[in-house]
file structure-v6.csv (CSV, C-alpha atoms and all ligand atoms)
chain,number,residue,atom,x,y,z
A,1,MET,CA,180.6,159.1,150.0
A,2,ASN,CA,177.5,160.7,148.4
A,3,THR,CA,174.7,160.6,151.0
A,4,ARG,CA,170.9,161.1,150.4
A,5,ALA,CA,169.2,163.0,153.3
A,6,TYR,CA,166.5,165.4,154.3
A,7,ALA,CA,167.6,168.8,155.6
A,8,ALA,CA,166.3,172.1,156.9
A,9,LEU,CA,168.0,174.8,154.8
A,10,ALA,CA,167.1,177.6,157.2
A,11,ALA,CA,165.6,178.0,160.7
A,12,LYS,CA,161.9,177.1,161.0
A,13,SER,CA,161.8,176.0,157.3
A,14,GLU,CA,160.3,172.7,156.1
A,15,LEU,CA,162.7,169.8,155.5
A,16,VAL,CA,163.6,169.0,151.9
A,17,PRO,CA,165.6,166.3,150.0
A,18,TYR,CA,169.3,167.1,150.3
A,19,GLN,CA,172.6,165.5,149.2
A,20,PHE,CA,176.1,165.8,150.7
A,21,ASP,CA,179.3,163.9,151.0
A,22,ARG,CA,180.3,162.0,154.1
A,23,ARG,CA,184.0,161.5,155.0
A,24,GLU,CA,185.9,158.4,153.8
A,25,VAL,CA,186.0,155.5,156.3
A,26,GLY,CA,189.1,156.1,158.4
A,27,ALA,CA,191.2,153.5,160.2
A,28,HIS,CA,189.0,153.6,163.4
A,29,ASP,CA,185.7,154.3,161.6
A,30,VAL,CA,182.8,152.1,160.6
A,31,ALA,CA,180.3,152.9,157.8
A,32,LEU,CA,176.7,151.9,158.0
A,33,GLU,CA,173.7,151.7,155.9
A,34,ILE,CA,171.0,153.4,158.0
A,35,ALA,CA,167.8,151.3,158.2
A,36,TYR,CA,165.7,153.6,160.4
A,37,ALA,CA,166.0,157.1,162.0
A,38,GLY,CA,163.7,158.2,164.8
A,39,ILE,CA,162.2,161.7,165.0
A,40,CYS,CA,163.0,163.2,168.5
A,41,HIS,CA,161.4,166.3,169.7
A,42,SER,CA,164.9,167.7,170.1
A,43,ASP,CA,165.2,167.6,166.3
A,44,ILE,CA,162.1,169.9,166.1
A,45,HIS,CA,163.4,172.3,168.8
A,46,GLN,CA,166.7,172.7,166.9
A,47,VAL,CA,165.2,173.1,163.4
A,48,ARG,CA,163.0,175.7,164.9
A,49,GLU,CA,165.8,177.4,166.9
A,50,GLU,CA,163.9,177.0,170.1
A,51,TRP,CA,167.2,176.4,171.9
A,52,GLY,CA,169.0,179.3,170.3
A,53,PRO,CA,170.9,179.8,167.0
A,54,ALA,CA,171.5,176.7,165.0
A,55,ILE,CA,173.6,175.6,162.0
A,56,PHE,CA,172.0,175.3,158.6
A,57,PRO,CA,171.7,173.4,156.3
A,58,MET,CA,170.8,170.9,159.1
A,59,VAL,CA,170.3,167.2,158.7
A,60,PRO,CA,168.7,166.3,162.0
A,61,GLY,CA,168.5,162.8,163.5
A,62,HIS,CA,170.2,161.1,166.4
A,63,GLU,CA,168.3,157.9,166.8
A,64,ILE,CA,170.0,155.7,164.2
A,65,ALA,CA,169.8,152.0,163.6
A,66,GLY,CA,171.5,150.3,160.7
A,67,VAL,CA,173.9,147.6,159.4
A,68,VAL,CA,177.7,147.9,159.1
A,69,THR,CA,178.8,148.0,155.4
A,70,SER,CA,182.5,148.6,155.8
A,71,VAL,CA,185.1,148.9,158.6
A,72,GLY,CA,188.5,150.7,158.8
A,73,SER,CA,191.8,148.8,159.1
A,74,SER,CA,192.1,149.2,162.9
A,75,VAL,CA,188.5,148.5,163.8
A,76,THR,CA,188.0,145.7,166.3
A,77,LYS,CA,184.5,146.3,167.7
A,78,PHE,CA,182.4,145.7,164.6
A,79,LYS,CA,182.4,143.7,161.4
A,80,VAL,CA,180.5,144.0,158.1
A,81,GLY,CA,176.9,142.9,158.6
A,82,ASP,CA,176.7,143.8,162.3
A,83,ARG,CA,173.6,145.6,163.5
A,84,ILE,CA,174.7,148.9,164.8
A,85,GLY,CA,173.3,151.9,166.6
A,86,VAL,CA,174.3,155.6,166.8
A,87,GLY,CA,172.9,158.1,169.3
A,88,VAL,CA,173.1,161.7,170.2
A,89,PHE,CA,176.9,162.2,170.1
A,90,VAL,CA,179.6,161.0,167.8
A,91,ASP,CA,182.7,161.9,169.7
A,92,SER,CA,184.0,163.7,172.8
A,93,CYS,CA,187.5,164.7,174.3
A,94,ARG,CA,188.1,161.2,175.6
A,95,SER,CA,190.4,162.4,178.4
A,96,CYS,CA,188.3,164.4,180.9
A,97,ASP,CA,186.9,162.7,184.1
A,98,SER,CA,183.5,162.3,182.5
A,99,CYS,CA,184.8,160.7,179.4
A,100,ARG,CA,187.1,158.4,181.3
A,101,ALA,CA,184.1,157.4,183.4
A,102,GLY,CA,182.1,156.5,180.3
A,103,LEU,CA,179.9,159.5,180.8
A,104,GLN,CA,180.8,161.1,177.5
A,105,GLN,CA,177.5,163.1,177.4
A,106,TYR,CA,178.9,165.2,180.2
A,107,CYS,CA,182.4,165.7,178.6
A,108,VAL,CA,183.9,168.9,180.0
A,109,GLU,CA,184.7,170.1,176.5
A,110,SER,CA,181.1,169.2,175.4
A,111,MET,CA,180.2,166.1,173.5
A,112,THR,CA,180.3,166.3,169.8
A,113,GLY,CA,176.7,166.2,168.7
A,114,THR,CA,175.5,164.0,165.9
A,115,TYR,CA,174.2,167.1,164.2
A,116,ASN,CA,173.8,170.9,164.6
A,117,GLY,CA,177.5,171.3,165.7
A,118,TYR,CA,181.0,170.9,164.5
A,119,GLU,CA,183.1,167.8,164.6
A,120,ARG,CA,186.3,167.8,166.6
A,121,ASP,CA,188.2,169.4,163.8
A,122,GLY,CA,186.2,172.5,164.6
A,123,LYS,CA,185.1,173.1,161.0
A,124,THR,CA,183.2,170.1,159.6
A,125,VAL,CA,179.5,170.4,160.3
A,126,ALA,CA,178.1,167.2,161.7
A,127,MET,CA,175.2,165.8,159.7
A,128,GLY,CA,172.7,163.6,161.4
A,129,GLY,CA,170.6,160.5,160.8
A,130,TYR,CA,167.9,161.6,158.4
A,131,SER,CA,170.1,160.0,155.7
A,132,ASN,CA,170.8,156.7,154.1
A,133,TYR,CA,174.5,156.4,155.1
A,134,PHE,CA,176.7,157.2,158.1
A,135,VAL,CA,180.3,157.1,159.2
A,136,ILE,CA,181.4,157.0,162.8
A,137,ASN,CA,184.4,156.2,165.0
A,138,GLU,CA,183.8,152.7,166.4
A,139,ASP,CA,184.1,153.8,170.0
A,140,TYR,CA,180.9,155.9,169.7
A,141,ALA,CA,178.6,153.2,168.2
A,142,VAL,CA,176.9,150.3,169.9
A,143,HIS,CA,175.7,146.8,169.1
A,144,ILE,CA,172.0,146.1,168.6
A,145,PRO,CA,170.7,142.7,170.1
A,146,ALA,CA,169.8,140.2,167.4
A,147,ASN,CA,166.2,139.6,168.6
A,148,LEU,CA,165.0,143.2,168.4
A,149,PRO,CA,163.5,144.8,165.2
A,150,LEU,CA,165.6,147.8,163.9
A,151,ASP,CA,162.6,150.1,163.6
A,152,GLY,CA,161.6,149.7,167.2
A,153,VAL,CA,165.2,150.0,168.3
A,154,ALA,CA,166.1,153.3,166.6
A,155,PRO,CA,164.3,155.4,169.3
A,156,LEU,CA,166.2,153.6,172.0
A,157,LEU,CA,169.3,155.5,170.9
A,158,CYS,CA,167.9,158.7,172.4
A,159,ALA,CA,164.5,158.3,173.9
A,160,GLY,CA,165.4,155.0,175.4
A,161,ILE,CA,168.7,155.9,177.0
A,162,THR,CA,167.4,159.2,178.1
A,163,LEU,CA,164.9,157.5,180.4
A,164,TYR,CA,167.0,154.4,181.3
A,165,SER,CA,169.8,156.6,182.7
A,166,PRO,CA,167.9,158.6,185.3
A,167,ILE,CA,165.8,155.5,186.2
A,168,LYS,CA,169.1,153.7,187.0
A,169,HIS,CA,170.7,156.8,188.7
A,170,TRP,CA,167.8,157.4,191.0
A,171,ARG,CA,167.6,153.6,191.7
A,172,VAL,CA,164.0,153.1,190.6
A,173,GLY,CA,162.8,149.7,191.7
A,174,PRO,CA,160.3,147.7,193.7
A,175,GLY,CA,158.5,149.5,196.4
A,176,MET,CA,158.9,152.9,194.7
A,177,LYS,CA,156.1,155.1,193.3
A,178,VAL,CA,157.2,156.7,190.0
A,179,ALA,CA,155.3,159.2,187.9
A,180,VAL,CA,156.1,159.9,184.2
A,181,MET,CA,155.0,163.3,183.0
A,182,GLY,CA,154.1,163.2,179.2
A,183,LEU,CA,153.4,160.1,177.3
A,184,GLY,CA,155.4,160.9,174.1
A,185,GLY,CA,158.6,159.3,172.7
A,186,LEU,CA,160.6,159.7,175.9
A,187,GLY,CA,157.7,159.2,178.3
A,188,HIS,CA,156.6,155.9,176.9
A,189,MET,CA,160.1,154.5,177.2
A,190,GLY,CA,160.1,155.7,180.8
A,191,VAL,CA,156.9,153.8,181.5
A,192,LYS,CA,158.4,150.6,180.0
A,193,PHE,CA,161.7,150.8,181.9
A,194,ALA,CA,160.2,151.9,185.2
A,195,VAL,CA,157.7,149.0,185.0
A,196,ALA,CA,160.5,146.5,184.1
A,197,MET,CA,162.5,147.7,187.1
A,198,GLY,CA,159.5,146.8,189.3
A,199,ALA,CA,158.2,150.3,190.3
A,200,GLU,CA,154.6,151.3,190.6
A,201,VAL,CA,154.1,153.7,187.7
A,202,THR,CA,151.7,156.5,187.1
A,203,VAL,CA,151.4,158.4,183.9
A,204,LEU,CA,150.5,162.2,184.2
A,205,SER,CA,149.3,163.2,180.8
A,206,HIS,CA,147.3,166.1,179.3
A,207,SER,CA,145.9,163.7,176.6
A,208,PRO,CA,143.1,161.6,178.2
A,209,GLN,CA,142.8,159.5,175.1
A,210,LYS,CA,146.2,157.9,175.9
A,211,GLU,CA,145.0,156.1,179.0
A,212,LYS,CA,144.4,152.8,177.3
A,213,ASP,CA,147.8,152.8,175.7
A,214,ALA,CA,149.5,153.8,178.9
A,215,LEU,CA,148.0,150.8,180.7
A,216,ALA,CA,148.8,148.5,177.9
A,217,MET,CA,152.5,149.6,178.2
A,218,GLY,CA,152.3,148.4,181.8
A,219,ALA,CA,151.5,151.7,183.7
A,220,HIS,CA,149.5,151.0,186.8
A,221,HIS,CA,147.7,154.3,186.9
A,222,PHE,CA,146.8,157.1,184.6
A,223,VAL,CA,146.0,160.7,185.7
A,224,SER,CA,144.6,163.2,183.2
A,225,THR,CA,146.2,166.6,183.9
A,226,LYS,CA,143.6,168.4,181.7
A,227,ASP,CA,141.8,169.2,184.9
A,228,PRO,CA,144.5,170.6,187.3
A,229,SER,CA,142.4,169.6,190.3
A,230,SER,CA,143.1,165.9,189.4
A,231,LEU,CA,146.6,166.4,190.7
A,232,LYS,CA,145.3,167.3,194.2
A,233,ASP,CA,144.6,163.7,195.0
A,234,HIS,CA,148.2,162.8,194.4
A,235,GLU,CA,150.0,165.2,196.6
A,236,LYS,CA,153.1,163.8,198.5
A,237,GLU,CA,152.7,160.5,196.6
A,238,PHE,CA,155.8,159.9,194.4
A,239,ASP,CA,159.4,159.1,195.1
A,240,VAL,CA,160.5,160.1,191.7
A,241,ILE,CA,158.8,162.1,188.9
A,242,LEU,CA,160.3,161.9,185.4
A,243,ASN,CA,159.3,165.1,183.6
A,244,THR,CA,159.5,164.5,179.8
A,245,VAL,CA,157.2,167.4,178.8
A,246,SER,CA,158.5,169.4,175.9
A,247,ALA,CA,156.4,172.5,176.6
A,248,GLU,CA,156.3,175.1,179.4
A,249,LEU,CA,154.2,174.2,182.5
A,250,ASP,CA,153.8,175.1,186.1
A,251,ILE,CA,156.5,173.0,187.7
A,252,ASN,CA,155.3,173.8,191.3
A,253,GLN,CA,152.1,171.9,190.8
A,254,TYR,CA,154.2,168.8,190.2
A,255,LEU,CA,156.7,169.4,192.9
A,256,SER,CA,153.9,169.1,195.4
A,257,LEU,CA,153.3,165.5,194.2
A,258,LEU,CA,156.7,164.4,195.6
A,259,ARG,CA,156.8,162.7,199.0
A,260,LEU,CA,159.5,163.2,201.6
A,261,ASN,CA,163.0,163.3,200.0
A,262,GLY,CA,161.5,162.9,196.5
A,263,THR,CA,163.1,164.1,193.3
A,264,LEU,CA,161.6,165.6,190.2
A,265,VAL,CA,164.0,164.8,187.3
A,266,VAL,CA,163.8,167.3,184.5
A,267,ILE,CA,164.4,165.6,181.1
A,268,GLY,CA,162.2,167.6,178.7
A,269,LEU,CA,163.8,170.8,177.6
A,270,PRO,CA,161.4,173.6,176.7
A,271,GLY,CA,162.9,176.8,175.5
A,272,LYS,CA,162.0,178.9,178.6
A,273,PRO,CA,163.1,178.4,182.2
A,274,TYR,CA,160.8,177.1,185.0
A,275,ALA,CA,159.8,179.4,187.8
A,276,VAL,CA,160.3,177.4,191.0
A,277,GLU,CA,158.7,178.3,194.3
A,278,VAL,CA,161.4,177.4,196.8
A,279,GLY,CA,158.8,176.7,199.4
A,280,SER,CA,157.8,173.6,197.3
A,281,LEU,CA,161.4,172.3,197.7
A,282,LEU,CA,161.8,173.1,201.4
A,283,ASN,CA,158.6,171.4,202.3
A,284,GLY,CA,159.4,167.7,202.2
A,285,ARG,CA,163.2,168.2,201.5
A,286,ARG,CA,162.5,167.8,197.8
A,287,SER,CA,165.0,167.9,195.0
A,288,ILE,CA,164.9,168.9,191.3
A,289,GLY,CA,167.5,167.0,189.3
A,290,GLY,CA,168.3,166.8,185.6
A,291,SER,CA,169.6,164.1,183.3
A,292,MET,CA,170.9,164.1,179.8
A,293,ILE,CA,170.9,161.0,177.5
A,294,GLY,CA,173.6,158.5,178.7
A,295,GLY,CA,177.2,157.5,178.0
A,296,ILE,CA,178.3,154.7,175.6
A,297,PRO,CA,178.7,152.0,178.2
A,298,GLU,CA,175.2,152.7,179.6
A,299,LEU,CA,173.8,152.9,176.0
A,300,GLN,CA,175.1,149.3,175.4
A,301,GLU,CA,173.8,148.2,178.8
A,302,MET,CA,170.3,149.6,178.0
A,303,LEU,CA,170.2,147.9,174.6
A,304,ASP,CA,171.3,144.6,176.2
A,305,PHE,CA,168.6,145.1,178.8
A,306,CYS,CA,166.0,145.7,176.0
A,307,GLY,CA,167.2,142.5,174.3
A,308,LYS,CA,166.7,140.5,177.5
A,309,HIS,CA,163.3,142.0,178.3
A,310,ASN,CA,162.1,142.3,174.7
A,311,ILE,CA,161.6,146.1,175.1
A,312,VAL,CA,161.4,148.3,172.0
A,313,SER,CA,159.7,151.6,171.2
A,314,ASP,CA,156.1,151.7,169.8
A,315,VAL,CA,156.7,153.3,166.4
A,316,GLU,CA,154.9,154.7,163.4
A,317,VAL,CA,157.2,154.0,160.4
A,318,ILE,CA,157.0,156.8,157.8
A,319,LYS,CA,158.5,157.7,154.5
A,320,ALA,CA,160.9,160.6,154.2
A,321,ASP,CA,158.4,162.9,152.5
A,322,TYR,CA,156.1,162.6,155.6
A,323,ILE,CA,158.8,164.2,158.0
A,324,ASN,CA,157.2,167.7,158.0
A,325,ALA,CA,153.7,166.3,158.7
A,326,ALA,CA,155.3,164.1,161.4
A,327,TYR,CA,156.8,167.2,163.0
A,328,GLY,CA,153.4,168.9,163.1
A,329,ARG,CA,151.8,165.8,164.7
A,330,THR,CA,154.6,165.4,167.3
A,331,VAL,CA,154.1,169.0,168.4
A,332,GLU,CA,150.4,168.3,168.8
A,333,SER,CA,151.3,165.3,171.0
A,334,ASP,CA,149.7,163.1,168.2
A,335,VAL,CA,152.3,160.3,167.9
A,336,LYS,CA,152.1,156.7,168.9
A,337,TYR,CA,154.7,156.9,170.3
A,338,ARG,CA,157.6,157.7,168.0
A,339,PHE,CA,157.8,158.5,164.3
A,340,VAL,CA,160.6,156.5,162.6
A,341,ILE,CA,161.8,157.2,159.1
A,342,ASP,CA,162.4,154.3,156.7
A,343,ALA,CA,165.9,155.3,155.5
A,344,SER,CA,165.4,153.5,152.2
A,345,THR,CA,163.0,156.4,151.2
A,346,PHE,CA,165.6,159.1,151.4
B,401,LIG,P1,157.3,164.1,172.4
B,401,LIG,O1,157.2,162.8,171.8
B,401,LIG,O2,156.7,165.3,171.7
B,401,LIG,O3,156.6,164.0,173.9
B,401,LIG,C1,156.4,165.1,174.7
B,401,LIG,C2,155.1,164.9,175.5
B,401,LIG,O4,154.9,166.0,176.4
B,401,LIG,C3,153.8,164.9,174.7
B,401,LIG,O5,153.6,163.6,174.0
B,401,LIG,C4,152.8,165.3,175.7
B,401,LIG,O6,152.4,164.1,176.4
B,401,LIG,C5,153.6,166.2,176.6
B,401,LIG,N1,153.2,167.6,176.2
B,401,LIG,C6,153.5,168.2,175.1
B,401,LIG,N2,153.0,169.5,175.1
B,401,LIG,C7,152.4,169.6,176.3
B,401,LIG,C8,151.7,170.7,176.9
B,401,LIG,N3,151.5,171.9,176.3
B,401,LIG,N4,151.3,170.5,178.2
B,401,LIG,C9,151.5,169.4,178.8
B,401,LIG,N5,152.1,168.3,178.3
B,401,LIG,C10,152.6,168.4,177.0
B,401,LIG,O7,158.8,164.6,172.7
B,401,LIG,P2,160.0,163.7,173.1
B,401,LIG,O8,160.8,163.4,171.9
B,401,LIG,O9,159.6,162.6,174.1
B,401,LIG,O10,160.9,164.8,173.9
B,401,LIG,C11,160.4,165.4,175.1
B,401,LIG,C12,161.3,166.5,175.6
B,401,LIG,O11,162.6,165.9,176.0
B,401,LIG,C13,161.7,167.5,174.5
B,401,LIG,O12,161.8,168.8,175.0
B,401,LIG,C14,163.1,167.0,174.1
B,401,LIG,O13,163.9,168.0,173.5
B,401,LIG,C15,163.7,166.6,175.4
B,401,LIG,N6,164.8,165.6,175.3
B,401,LIG,C16,165.7,165.7,176.3
B,401,LIG,C17,166.7,164.8,176.3
B,401,LIG,C18,167.7,164.7,177.5
B,401,LIG,O14,168.8,164.2,177.3
B,401,LIG,N7,167.3,165.2,178.6
B,401,LIG,C19,166.9,163.8,175.3
B,401,LIG,C20,165.9,163.8,174.3
B,401,LIG,C21,164.9,164.7,174.3
B,401,LIG,P3,150.9,163.9,176.9
B,401,LIG,O15,150.1,164.0,175.6
B,401,LIG,O16,150.9,162.5,177.5
B,401,LIG,O17,150.6,165.0,177.8
B,402,ZN,ZN,166.7,163.0,171.1
B,403,ZN,ZN,185.6,164.6,177.8

call {"tool": "encode", "arguments": {"input": "structure-v6.csv", "output": "structure tokens", "more": "lines below"}}
Ligand code: NAP
Ligand code: ZN
Ligand code: ZN
result
Amino acid sequence: MNTRAYAALAAKSELVPYQFDRREVGAHDVALEIAYAGICHSDIHQVREEWGPAIFPMVPGHEIAGVVTSVGSSVTKFKVGDRIGVGVFVDSCRSCDSCRAGLQQYCVESMTGTYNGYERDGKTVAMGGYSNYFVINEDYAVHIPANLPLDGVAPLLCAGITLYSPIKHWRVGPGMKVAVMGLGGLGHMGVKFAVAMGAEVTVLSHSPQKEKDALAMGAHHFVSTKDPSSLKDHEKEFDVILNTVSAELDINQYLSLLRLNGTLVVIGLPGKPYAVEVGSLLNGRRSIGGSMIGGIPELQEMLDFCGKHNIVSDVEVIKADYINAAYGRTVESDVKYRFVIDASTF
């Protein structure tokens, strides 16, 4: 099926209008008309090859919300007209321990990414969500609750699950002090979820002008990190720190904010490694953990949780021809708090 999209034709280049054909709808596939596609900072890292060599032309986009337009003969999970979401992967091996546990993002053969990779046939380049139409195996798509707007839902498919999963894994809840580093697309979802779970939430941000928004999202405290001495007052305070910062920083300053047995969860993925002073770990039996998106069962659980608690992303809806400007603004931390592309403009 002919598909209209935006693509980067080469590394670091601007995105331009692009057309390609998606596969026919197979027996286990569903087709969807995309309504909105979110812009994740991971899209920018990959277009700019900040994570290593990438595949071009690249149609980025792994925060996809739309409506089912047709279903294959064996499909049982969806019907035409259903509201449907697609996230960061479209397939996996289905047989390893991770896949069987519903943790497809940790598939031992690697998940099949929604873009910038090959599908499981090893030769078809996966094309992502900056497009008007999508085809996916029904097992790797999720239902969107009826009460939530599709534009605010699209970012939940990556930014949302990426914070929900560690918040559940590290059992964030009442009585815990949690810090969220970086109030961007991921970070603002972290604030909303940690608050909904009952934790006391502090935002650590290098953008002082975001304080009002952070508090409106439910955060209890806001610390501007522009002045590094501001962190001194918060040493040994937090049980969990969720680090969503996309840029390099001195991680040791933040490790010192963990209380006894605390964990700093690395979620942001800058291109260069962190230099960790082991002394900061020994002192206070601290841990550094990592977390990557979430599996299909947890993705559905998160969306259902959002439906129940009326949680969506704060979005700026844009037309396709604004994507390059939106990339620039995202890198400058100037987004409130996720750009979402209206897919009717592709
Ligand atoms: P984003 O919207 O650009 O947010 C990143 C935030 O980091 C910014 O809003 C800013 O918050 C802070 N920041 C940026 N530059 C900074 C700097 N130089 N110093 C200090 N703070 C800075 O990006 P995102 O889409 O949320 O993604 C964040 C990171 O997570 C990216 O690296 C992305 O690739 C990664 N990611 C990981 C996963 C996973 O599965 N683990 C999934 C998706 C994305 P303040 O203005 O509040 O300081
Ligand atoms: Zn993402
Ligand atoms: Zn697997």

call {"tool": "residues_near_ligand", "arguments": {"input": "structure-v6.csv", "ligand": "ligand ZN 402 (chain B)", "cutoff": "7 Å", "atoms": "all atoms listed in the file", "output": "PyMOL selection string"}}
result
chain A and resi 40-43+62-63+88+158-159

call {"tool": "residues_near_ligand", "arguments": {"input": "structure-v6.csv", "ligand": "ligand LIG 401 (chain B)", "cutoff": "8 Å", "atoms": "only C-alpha atoms and all ligand atoms", "output": "VMD selection string"}}
result
chain A and resid 39 to 45 158 to 159 162 181 to 188 203 to 208 210 225 244 to 249 266 to 270 290 to 294 330 to 335 337 to 338

call {"tool": "residues_around", "arguments": {"input": "structure-v6.csv", "residues": "Glu200 of chain A", "least_positions_apart": "5", "cutoff": "9 Å", "atoms": "all atoms listed in the file", "output": "list in words"}}
result
Gly173, Pro174, Gly175, Met176, Lys177, Val178, Ala179, Ala194, Val195, Ala219, His220 and His221 of chain A

call {"tool": "closest_residue", "arguments": {"input": "structure-v6.csv", "among": "A:Glu277, A:Asp21, A:Glu119, A:Asp29", "to": "Ser73 of chain A", "atoms": "all atoms listed in the file"}}
result
A:Asp29

call {"tool": "closest_atom_pairs", "arguments": {"input": "structure-v6.csv", "of": "chain A", "to": "ligand ZN 403 (chain B)", "cutoff": "7 Å", "atoms": "all atoms listed in the file", "output": "JSON lines"}}
result
{"residue": "A:Ser92", "atom": "CA", "partner": "B:ZN403", "partner_atom": "ZN", "distance": 5.3}
{"residue": "A:Cys93", "atom": "CA", "partner": "B:ZN403", "partner_atom": "ZN", "distance": 4.0}
{"residue": "A:Arg94", "atom": "CA", "partner": "B:ZN403", "partner_atom": "ZN", "distance": 4.8}
{"residue": "A:Ser95", "atom": "CA", "partner": "B:ZN403", "partner_atom": "ZN", "distance": 5.3}
{"residue": "A:Cys96", "atom": "CA", "partner": "B:ZN403", "partner_atom": "ZN", "distance": 4.1}
{"residue": "A:Asp97", "atom": "CA", "partner": "B:ZN403", "partner_atom": "ZN", "distance": 6.7}
{"residue": "A:Ser98", "atom": "CA", "partner": "B:ZN403", "partner_atom": "ZN", "distance": 5.6}
{"residue": "A:Cys99", "atom": "CA", "partner": "B:ZN403", "partner_atom": "ZN", "distance": 4.3}
{"residue": "A:Gln104", "atom": "CA", "partner": "B:ZN403", "partner_atom": "ZN", "distance": 5.9}
{"residue": "A:Cys107", "atom": "CA", "partner": "B:ZN403", "partner_atom": "ZN", "distance": 3.5}
{"residue": "A:Val108", "atom": "CA", "partner": "B:ZN403", "partner_atom": "ZN", "distance": 5.1}
{"residue": "A:Glu109", "atom": "CA", "partner": "B:ZN403", "partner_atom": "ZN", "distance": 5.7}
{"residue": "A:Ser110", "atom": "CA", "partner": "B:ZN403", "partner_atom": "ZN", "distance": 6.9}

call {"tool": "build_atoms", "arguments": {"input": "structure-v6.csv", "residues": "segment 21-26 of chain A", "atoms": "all heavy atoms", "output": "CSV table (one decimal), in the frame of the given file"}}
result
chain,number,residue,atom,x,y,z
A,21,ASP,N,178.3,164.9,150.9
A,21,ASP,CA,179.3,163.9,151.0
A,21,ASP,C,179.7,163.6,152.4
A,21,ASP,O,180.0,164.6,153.2
A,21,ASP,CB,180.6,164.2,150.2
A,21,ASP,CG,180.3,164.1,148.7
A,21,ASP,OD1,179.6,163.2,148.3
A,21,ASP,OD2,180.8,165.0,147.9
A,22,ARG,N,179.7,162.3,152.8
A,22,ARG,CA,180.3,162.0,154.1
A,22,ARG,C,181.8,161.6,153.9
A,22,ARG,O,182.2,161.2,152.9
A,22,ARG,CB,179.6,160.8,154.8
A,22,ARG,CG,178.2,161.2,155.3
A,22,ARG,CD,177.8,160.3,156.4
A,22,ARG,NE,176.4,160.4,156.7
A,22,ARG,CZ,175.9,161.3,157.6
A,22,ARG,NH1,176.7,162.1,158.3
A,22,ARG,NH2,174.6,161.3,157.8
A,23,ARG,N,182.6,161.7,155.0
A,23,ARG,CA,184.0,161.5,155.0
A,23,ARG,C,184.3,160.0,154.6
A,23,ARG,O,183.4,159.1,154.8
A,23,ARG,CB,184.7,161.8,156.3
A,23,ARG,CG,184.3,160.8,157.4
A,23,ARG,CD,185.3,161.0,158.6
A,23,ARG,NE,185.0,160.1,159.7
A,23,ARG,CZ,184.3,160.4,160.8
A,23,ARG,NH1,183.7,161.5,160.9
A,23,ARG,NH2,184.1,159.4,161.7
A,24,GLU,N,185.5,159.8,154.1
A,24,GLU,CA,185.9,158.4,153.8
A,24,GLU,C,186.0,157.6,155.1
A,24,GLU,O,186.2,158.3,156.2
A,24,GLU,CB,187.3,158.4,153.1
A,24,GLU,CG,187.3,159.1,151.8
A,24,GLU,CD,186.4,158.4,150.7
A,24,GLU,OE1,186.5,157.1,150.7
A,24,GLU,OE2,185.7,159.1,150.0
A,25,VAL,N,186.0,156.3,155.1
A,25,VAL,CA,186.0,155.5,156.3
A,25,VAL,C,187.5,155.5,156.7
A,25,VAL,O,188.4,154.9,156.0
A,25,VAL,CB,185.5,154.1,156.0
A,25,VAL,CG1,185.6,153.2,157.2
A,25,VAL,CG2,184.1,154.2,155.5
A,26,GLY,N,187.8,156.1,157.9
A,26,GLY,CA,189.1,156.1,158.4
A,26,GLY,C,189.5,154.8,159.1
A,26,GLY,O,188.6,153.9,159.3
